[in-house]
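Colleague: My structure is below; once you've seen it, I'll send some questions.
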Amino acid sequence: MIRIWGRLSSINVQKVVWTAADLALDFTRLDVGGPFGGLDTPEFGRLNPNRLVPVLEDDDFVLWESNSIVRYLAERYGAEELWVQPLQERVLVDRWLDWQATTFAPLMMPAFIGLVRTAEEDRNELAIADSLGQCGILIGILEQHLQNRAYLAGAKFTIADIAVGCQVHRWLHLPVPRAPSPAVREWYDRIIHRPGALAALGGSVV
Ligand SMILES: N[C@@H](CCC(=O)N[C@@H](CS)C(=O)NCC(=O)O)C(=O)O
């Protein structure tokens with residue numbers, strides 16, 4: 001039995017749900033974290049000592065860290081579908097997963113928290129502007145990369161597209177003006193109607 005712990009408003013939960021739903025896995029998701037609470041219970045602490053979502057339970061196997069969960073699901077249930085095997089192709093998928101988690105997510109965080117989760121009068125406008133500028137640079141990198149590729153790791157849709165897709169979805173929903181990025185837009189339109197995207201992002205296509 002597969003259980004995914006975590007509220008769907010978390011981008012890290014969204015990546016896991018997109019992966020599980022694209023693989024048509026039978027899973028249950030539990031709303032914990034954010035307004036739902038539930039992370040301070042002894043039961044949750046045993047699942048993830050960091051007290052963060054998402055957490056995956058696959059029968060007796062427990063895993064936390066969203067991109068590790070995404071890799072695990074893809075390897076266990078969808079190596080042919082969502083991942084690739086040859087080493088030098090596989091690490092290109094890994095590279096974008098790491099980029100999403102260590103570069104794009106932290107650089108977008110001040111803009112997202114400021115614009116979406118903070119009352120207007122409490123916003124740190126300088127931090128938001130800096131974060132938006134950094135995001136613009138990263139979108140430029142994606143734009144360049146996607147000029148001559150259908151998907152991030154090449155001709156095939158992979159978990160790299162899921163992780164970065166959730167981040168770009170969030171970027172496109174920020175209430176700010178954006179420079180055009182037609183290749184990113186085409187790629188987003190290519191991936192956003194997949195069943196996993198619908199399950200994870202609730203059909204809120206930009
Ligand atoms: N590196 C972790 C980060 C997990 C994380 O920061 N989760 C946030 C939600 S995105 C969380 O649990 N926040 C507390 C809460 O939701 O109450 C991962 O990718 O899984």
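Chain identifiers are assigned as A, B, and so on, following the order in which chains appear in the structure tokens; residues are numbered from 1 within each chain, and ligands are numbered from 1 in order of appearance.
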For ligand 1, collect every residue having any atom at a distance of at most 9 Å from a ligand atom (counting only C-alpha atoms and all ligand atoms); output as number ranges by chain.

Modeller: A: 6-7, 9-14, 32-39, 50-55, 64-69, 101-102

Colleague: List every residue of region 54-106 of chain A that has an atom at most 9 Å from any atom of region 23-28 of chain A, and for each one report the closest atom pair and its distance in Å to one decimal, counting only C-alpha atoms, with rows sorted by chain and then by increasing residue number, as a Markdown table.

Modeller:
| residue | atom | partner | partner_atom | distance |
| --- | --- | --- | --- | --- |
| A:Leu73 | CA | A:Leu23 | CA | 8.5 |
| A:Ala74 | CA | A:Leu23 | CA | 8.1 |
| A:Tyr77 | CA | A:Leu23 | CA | 7.1 |
| A:Gly78 | CA | A:Leu23 | CA | 6.5 |
| A:Glu81 | CA | A:Leu23 | CA | 8.0 |
| A:Leu82 | CA | A:Leu23 | CA | 8.3 |

Colleague: Could the residues in this selection be saved with C-alpha atoms as a short mmCIF file (atom, residue, chain, number, x, y, z; two decimals), in the first residue's frame?

Modeller:
data_model
loop_
_atom_site.label_atom_id
_atom_site.label_comp_id
_atom_site.auth_asym_id
_atom_site.auth_seq_id
_atom_site.Cartn_x
_atom_site.Cartn_y
_atom_site.Cartn_z
CA LEU A 73 8.91 5.72 -7.51
CA ALA A 74 10.32 6.15 -11.00
CA TYR A 77 7.45 1.48 -10.80
CA GLY A 78 8.40 3.30 -13.98
CA GLU A 81 8.39 5.29 -18.48
CA LEU A 82 9.78 8.16 -16.48
#

Colleague: Using only C-alpha atoms, which residue out of A:Cys166, A:Leu201, A:Val70, A:Leu87 lies closest to Tyr188 (chain A)?

Modeller: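 Checking each of A:Cys166, A:Leu201, A:Val70, A:Leu87 against Tyr188 (chain A), counting only C-alpha atoms, the winner is A:Cys166.
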
Colleague: Please indicate the distance in Å from CA of Met109 (chain A) to CA of His173 (chain A), rounded to one decimal place.

Modeller: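 Between CA of Met109 (chain A) and CA of His173 (chain A) the gap works out to 13.4 Å.
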
Colleague: Neighbours of Ala129 (chain A) within 12 Å (only C-alpha atoms; same-chain residues fewer than 3 positions away dropped), as an NGL selection string?

Modeller: :A and (107-112 or 114-115 or 123-126 or 132-136 or 176-177)

Colleague: Write to file, as a compact mmCIF listing (two decimals), in the first residue's frame, the residues of the selection just made, with C-alpha atoms.

Modeller:
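As a result, part-v8.txt now contains:
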# COMPACT_ATOMS: atom_id res chain seq x y z
CA LEU A 107 15.95 31.30 -5.22
CA MET A 108 12.19 31.50 -5.88
CA MET A 109 11.26 31.08 -2.22
CA PRO A 110 11.44 34.78 -1.18
CA ALA A 111 9.25 35.84 -4.13
CA PHE A 112 6.73 33.04 -3.53
CA GLY A 114 6.44 37.31 -0.17
CA LEU A 115 3.83 37.53 -2.92
CA ARG A 123 6.25 42.22 2.37
CA ASN A 124 10.00 42.63 1.97
CA GLU A 125 9.92 44.28 -1.46
CA LEU A 126 13.71 44.24 -1.90
CA LEU A 132 12.28 37.65 -9.14
CA GLY A 133 15.48 38.81 -10.85
CA GLN A 134 17.20 35.52 -10.01
CA CYS A 135 14.20 33.57 -11.30
CA GLY A 136 14.36 35.53 -14.56
CA VAL A 176 4.09 39.59 -11.70
CA PRO A 177 4.93 40.61 -15.27

Colleague: Report the residues of region 69-184 of chain A whose backbone DSSP state falls under helix (DSSP H, G or I), written as number ranges by chain.

Modeller: A: 69-82, 87-116, 120-122, 125-148, 159-173, 182-184

Colleague: When DSSP works through the backbone of this structure, what residues of region 4-40 of chain A end up as strand (DSSP E or B), shown as a list in words?

Modeller: Ile4, Trp5, Phe27, Thr28, Arg29 and Leu30 of chain A

Colleague: With the cut-off set at 10 Å and counting only C-alpha atoms, tabulate each residue of region 72-120 of chain A with an atom at most that distance from an atom of region 140-164 of chain A, showing the nearest atom pair and its distance in Å to one decimal, ordered by chain and increasing number, as JSON lines.

Modeller:
{"residue": "A:Leu73", "atom": "CA", "partner": "A:Ile159", "partner_atom": "CA", "distance": 9.7}
{"residue": "A:Ala74", "atom": "CA", "partner": "A:Ile159", "partner_atom": "CA", "distance": 7.3}
{"residue": "A:Gly78", "atom": "CA", "partner": "A:Thr158", "partner_atom": "CA", "distance": 9.9}
{"residue": "A:Ala79", "atom": "CA", "partner": "A:Thr158", "partner_atom": "CA", "distance": 9.5}
{"residue": "A:Glu80", "atom": "CA", "partner": "A:Thr158", "partner_atom": "CA", "distance": 9.7}
{"residue": "A:Glu81", "atom": "CA", "partner": "A:Thr158", "partner_atom": "CA", "distance": 7.5}
{"residue": "A:Leu82", "atom": "CA", "partner": "A:Thr158", "partner_atom": "CA", "distance": 4.3}
{"residue": "A:Trp83", "atom": "CA", "partner": "A:Thr158", "partner_atom": "CA", "distance": 5.2}
{"residue": "A:Val84", "atom": "CA", "partner": "A:Thr158", "partner_atom": "CA", "distance": 7.8}
{"residue": "A:Glu89", "atom": "CA", "partner": "A:Ala153", "partner_atom": "CA", "distance": 7.3}
{"residue": "A:Arg90", "atom": "CA", "partner": "A:Ala153", "partner_atom": "CA", "distance": 8.4}
{"residue": "A:Val91", "atom": "CA", "partner": "A:Ala153", "partner_atom": "CA", "distance": 9.1}
{"residue": "A:Leu92", "atom": "CA", "partner": "A:Ala153", "partner_atom": "CA", "distance": 5.8}
{"residue": "A:Val93", "atom": "CA", "partner": "A:Ala160", "partner_atom": "CA", "distance": 5.2}
{"residue": "A:Asp94", "atom": "CA", "partner": "A:Ala160", "partner_atom": "CA", "distance": 7.0}
{"residue": "A:Arg95", "atom": "CA", "partner": "A:Ala160", "partner_atom": "CA", "distance": 8.1}
{"residue": "A:Trp96", "atom": "CA", "partner": "A:Ala160", "partner_atom": "CA", "distance": 5.5}
{"residue": "A:Leu97", "atom": "CA", "partner": "A:Ala160", "partner_atom": "CA", "distance": 5.4}
{"residue": "A:Asp98", "atom": "CA", "partner": "A:Ala160", "partner_atom": "CA", "distance": 9.0}
{"residue": "A:Trp99", "atom": "CA", "partner": "A:Val164", "partner_atom": "CA", "distance": 8.4}
{"residue": "A:Gln100", "atom": "CA", "partner": "A:Val164", "partner_atom": "CA", "distance": 5.7}
{"residue": "A:Ala101", "atom": "CA", "partner": "A:Ala163", "partner_atom": "CA", "distance": 8.3}
{"residue": "A:Phe104", "atom": "CA", "partner": "A:Val164", "partner_atom": "CA", "distance": 8.3}
{"residue": "A:Ala105", "atom": "CA", "partner": "A:Val164", "partner_atom": "CA", "distance": 9.2}

Colleague: Please compute the CA of Ala21 (chain A)-CA of Arg194 (chain A) distance, one decimal, in Å.

Modeller: 9.2 Å

Colleague: Between CA of Val116 (chain A) and CA of Val168 (chain A), what is the distance in Å, rounded to a tenth?

Modeller: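 We find that CA of Val116 (chain A) and CA of Val168 (chain A) lie 15.2 Å from each other.
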
Colleague: What lies within 10 Å of Ala197 (chain A) using only C-alpha atoms, ignoring chain neighbours under 2 positions off, as a list of chain:residue names?

Modeller: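 Counting only C-alpha atoms, the residues come to A:Gln14, A:Lys15, A:Val17, A:Trp18, A:Thr19, A:Ala21, A:Asp22, A:Ile162, A:Gly165, A:Cys166, A:His169, A:Ile191, A:Ile192, A:His193, A:Arg194, A:Pro195, A:Ala199, A:Ala200, A:Leu201, A:Gly202, A:Gly203, A:Ser204, A:Val205.
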
Colleague: Keeping only C-alpha atoms, write the selected residues as a PDB file, in the first residue's frame.

Modeller:
ATOM      1  CA  GLN A  14       3.130  18.051  -5.806  1.00  0.00           C
ATOM      2  CA  LYS A  15       6.235  16.477  -7.392  1.00  0.00           C
ATOM      3  CA  VAL A  17       1.841  13.144  -6.463  1.00  0.00           C
ATOM      4  CA  TRP A  18       2.555  13.991 -10.134  1.00  0.00           C
ATOM      5  CA  THR A  19       4.993  11.066 -10.333  1.00  0.00           C
ATOM      6  CA  ALA A  21      -0.349   9.674 -10.697  1.00  0.00           C
ATOM      7  CA  ASP A  22       1.566   9.588 -14.003  1.00  0.00           C
ATOM      8  CA  ILE A 162       8.038  16.756 -13.274  1.00  0.00           C
ATOM      9  CA  GLY A 165       7.559  21.548 -14.229  1.00  0.00           C
ATOM     10  CA  CYS A 166       6.123  22.059 -10.731  1.00  0.00           C
ATOM     11  CA  HIS A 169       4.080  26.180 -12.795  1.00  0.00           C
ATOM     12  CA  ILE A 191       3.610  18.562 -20.004  1.00  0.00           C
ATOM     13  CA  ILE A 192       0.847  20.299 -18.095  1.00  0.00           C
ATOM     14  CA  HIS A 193      -2.051  18.198 -19.385  1.00  0.00           C
ATOM     15  CA  ARG A 194      -0.569  14.881 -18.263  1.00  0.00           C
ATOM     16  CA  PRO A 195      -2.663  12.961 -15.687  1.00  0.00           C
ATOM     17  CA  ALA A 199      -3.664  15.271  -9.973  1.00  0.00           C
ATOM     18  CA  ALA A 200      -0.858  17.361  -8.478  1.00  0.00           C
ATOM     19  CA  LEU A 201      -1.732  20.848  -9.622  1.00  0.00           C
ATOM     20  CA  GLY A 202      -5.489  20.543  -9.700  1.00  0.00           C
ATOM     21  CA  GLY A 203      -5.939  21.662 -13.276  1.00  0.00           C
ATOM     22  CA  SER A 204      -4.837  25.218 -12.492  1.00  0.00           C
ATOM     23  CA  VAL A 205      -3.106  25.578 -15.857  1.00  0.00           C
TER      24      VAL A 205
END
